[in-house]
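Notes follow once the structure below has been shown.
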Amino acid sequence: MLTTLDRSRPAPLAYSPAIAAETAPLYARVARVVPQIEWPVHAPYIAEINRLKREMNAVILAHNYQTPEIFNCVADVVGDSLTLAREGAKTTAGTIVMAGVHFMAETAKILSPEKTVLIPDARAGCSLAESITAADIRLLRQRYPGVPIVAYVNTSADVKAEVDICCTSANAVEIVESLGVPEVICLPDEYLAQYVATKTKVKIITWHGHCEVHERFTGEEIRRLREGQDNLIVLAHPECPQDVLAEADYVGSTAGMSDYVGIHHPKRVVLITECSMSDNVAVQYPEVEFLRPCNLCPHMKRITLPKILAALQTRTTEVLVDPDIALRARRSVERMLAVGRR
Ligand code: 13P
Ligand code: SF4
């Protein structure tokens, strides 16, 4: 049978004994979650990315949902949305490559307008960010005059520019309470807002946005998982529906879930969130058994090692934010960061 070469794609980088030796310590780190047969595909990209980012004074920020070869082998800073926002603002590197989704790259640019922020695939979006526009916020202002608006960081710069303050899943309750008012609009994630409402006396007005990854979990699924497994610990992200959160032993951000495993060392655990999260936490805690019912985020999975390398080589795709929007959006993000520092 004849096969035709696809000439539109660059030829994959070659694996060699020198690359095998150079990357061996990195493979040792991820051997539990990356099959050996895959390593010759990843290793040449890892070696080249690490070389190039040193040469270019670039840093790679990677969200907890990135695949283990990105998260553990090329990233300089890893964590939840809050950590990436904080650390992106602190870095002295001239170039930031965001191994995450578009709103994360925009947040990095808003906080560091003088830096070059690159996203390896500009199509890496987010169903929450897509669920609301700046015009929607202006309409909400008319409908609820004087009620402060808290926006999840999973929103566009345009939306951040219109709201009073941002929050992440790690600090949403603290941010709402920091405003010292009886009523707050918390958007766009309906489930995160409902979760916040269970933790505060402040009246919460919600929006109807959902994360396409977390909304697919059900309480019934968790109950079935627990059958015959008395010692199973269930950790869930607050973007999950309420019937899922009601079944969880702990609810928290991706960093919160990771910290829970580090502090409590459960024998057997399940993380009700995106698939790569368990792989990345498992690398750190090999003694813990992870059950893996998970849902993939198609946006996070657009980021791959070859695309990160291409982003560095071609300095694309650069994330740009209109300076006026960036200035107003920065106020909302910095107000959030200031609450954490109090
Ligand atoms: P955190 O990492 O902030 O918990 O957010 C989860 C998420 O869905 C990001 O896209
Ligand atoms: Fe957005 Fe959900 Fe994907 Fe996070 S997991 S980027 S909230 S779609």
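Ligands are numbered from 1 in the order shown, chains are lettered A, B, ... in the order of the structure tokens, and residues start at 1 in each chain.
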
Can you list every residue of chain A that has an atom at most 7 Å from ligand 2, with its nearest atom pair and the distance in Å to one decimal, using only C-alpha atoms and all ligand atoms, ordered by chain then number, as CSV?
```
residue,atom,partner,partner_atom_place_in_ligand_line,distance
A:Val101,CA,ligand 2,6 (S),5.9
A:Gly125,CA,ligand 2,6 (S),6.6
A:Cys126,CA,ligand 2,1 (Fe),3.7
A:Ser127,CA,ligand 2,8 (S),4.7
A:Leu128,CA,ligand 2,1 (Fe),5.6
A:Asn154,CA,ligand 2,7 (S),6.5
A:Cys211,CA,ligand 2,2 (Fe),4.1
A:Glu212,CA,ligand 2,8 (S),5.2
A:Val213,CA,ligand 2,2 (Fe),5.0
A:His214,CA,ligand 2,2 (Fe),6.4
A:Glu274,CA,ligand 2,5 (S),6.3
A:Cys297,CA,ligand 2,3 (Fe),4.6
A:Pro298,CA,ligand 2,3 (Fe),6.9
A:His299,CA,ligand 2,3 (Fe),5.8
A:Met300,CA,ligand 2,3 (Fe),6.1
```

For ligand 1, list the contacting residues at 6 Å or closer, counting only C-alpha atoms and all ligand atoms, as an mmCIF file with N, CA and C atoms, in the first residue's frame.
```cif
data_model
loop_
_atom_site.group_PDB
_atom_site.id
_atom_site.type_symbol
_atom_site.label_atom_id
_atom_site.label_comp_id
_atom_site.auth_asym_id
_atom_site.auth_seq_id
_atom_site.Cartn_x
_atom_site.Cartn_y
_atom_site.Cartn_z
ATOM 1 N N ASP A 80 -2.955 26.922 39.739
ATOM 2 C CA ASP A 80 -4.331 27.285 39.387
ATOM 3 C C ASP A 80 -4.347 28.688 38.778
ATOM 4 N N SER A 81 -5.534 29.158 38.435
ATOM 5 C CA SER A 81 -5.621 30.461 37.765
ATOM 6 C C SER A 81 -5.049 31.574 38.632
ATOM 7 N N LEU A 82 -5.269 31.485 39.945
ATOM 8 C CA LEU A 82 -4.790 32.535 40.848
ATOM 9 C C LEU A 82 -3.260 32.563 40.876
ATOM 10 N N THR A 168 -11.217 34.107 41.630
ATOM 11 C CA THR A 168 -10.962 32.787 41.058
ATOM 12 C C THR A 168 -11.712 31.784 41.924
ATOM 13 N N SER A 169 -11.625 30.515 41.565
ATOM 14 C CA SER A 169 -12.319 29.506 42.374
ATOM 15 C C SER A 169 -11.660 29.384 43.750
ATOM 16 N N SER A 253 -10.461 24.804 44.529
ATOM 17 C CA SER A 253 -9.819 25.089 43.238
ATOM 18 C C SER A 253 -8.869 23.938 42.897
ATOM 19 N N THR A 254 -8.292 23.985 41.716
ATOM 20 C CA THR A 254 -7.365 22.906 41.344
ATOM 21 C C THR A 254 -6.181 22.874 42.308
#
```

Please extract the residues of region 238-309 of chain A with a backbone DSSP assignment of helix (DSSP H, G or I) and present them as an MDAnalysis selection string. chainID A and resid 242:245 254:264 275:284 300:302 305:309

With only C-alpha atoms as the basis for distance, which of A:Val74, A:Ala193, A:Ala62, A:Leu232 is at the shortest distance from Glu48 (chain A)? A:Val74

Env of region 293-296 of chain A: 9 Å cut, atoms = only C-alpha atoms, seq-sep filter 3 positions within chain, self excluded. Answer as JSON, numbers by chain. {"A": [65, 213, 214, 216, 217, 225, 270, 271, 272, 273, 274, 275, 276, 278, 299, 300, 301]}
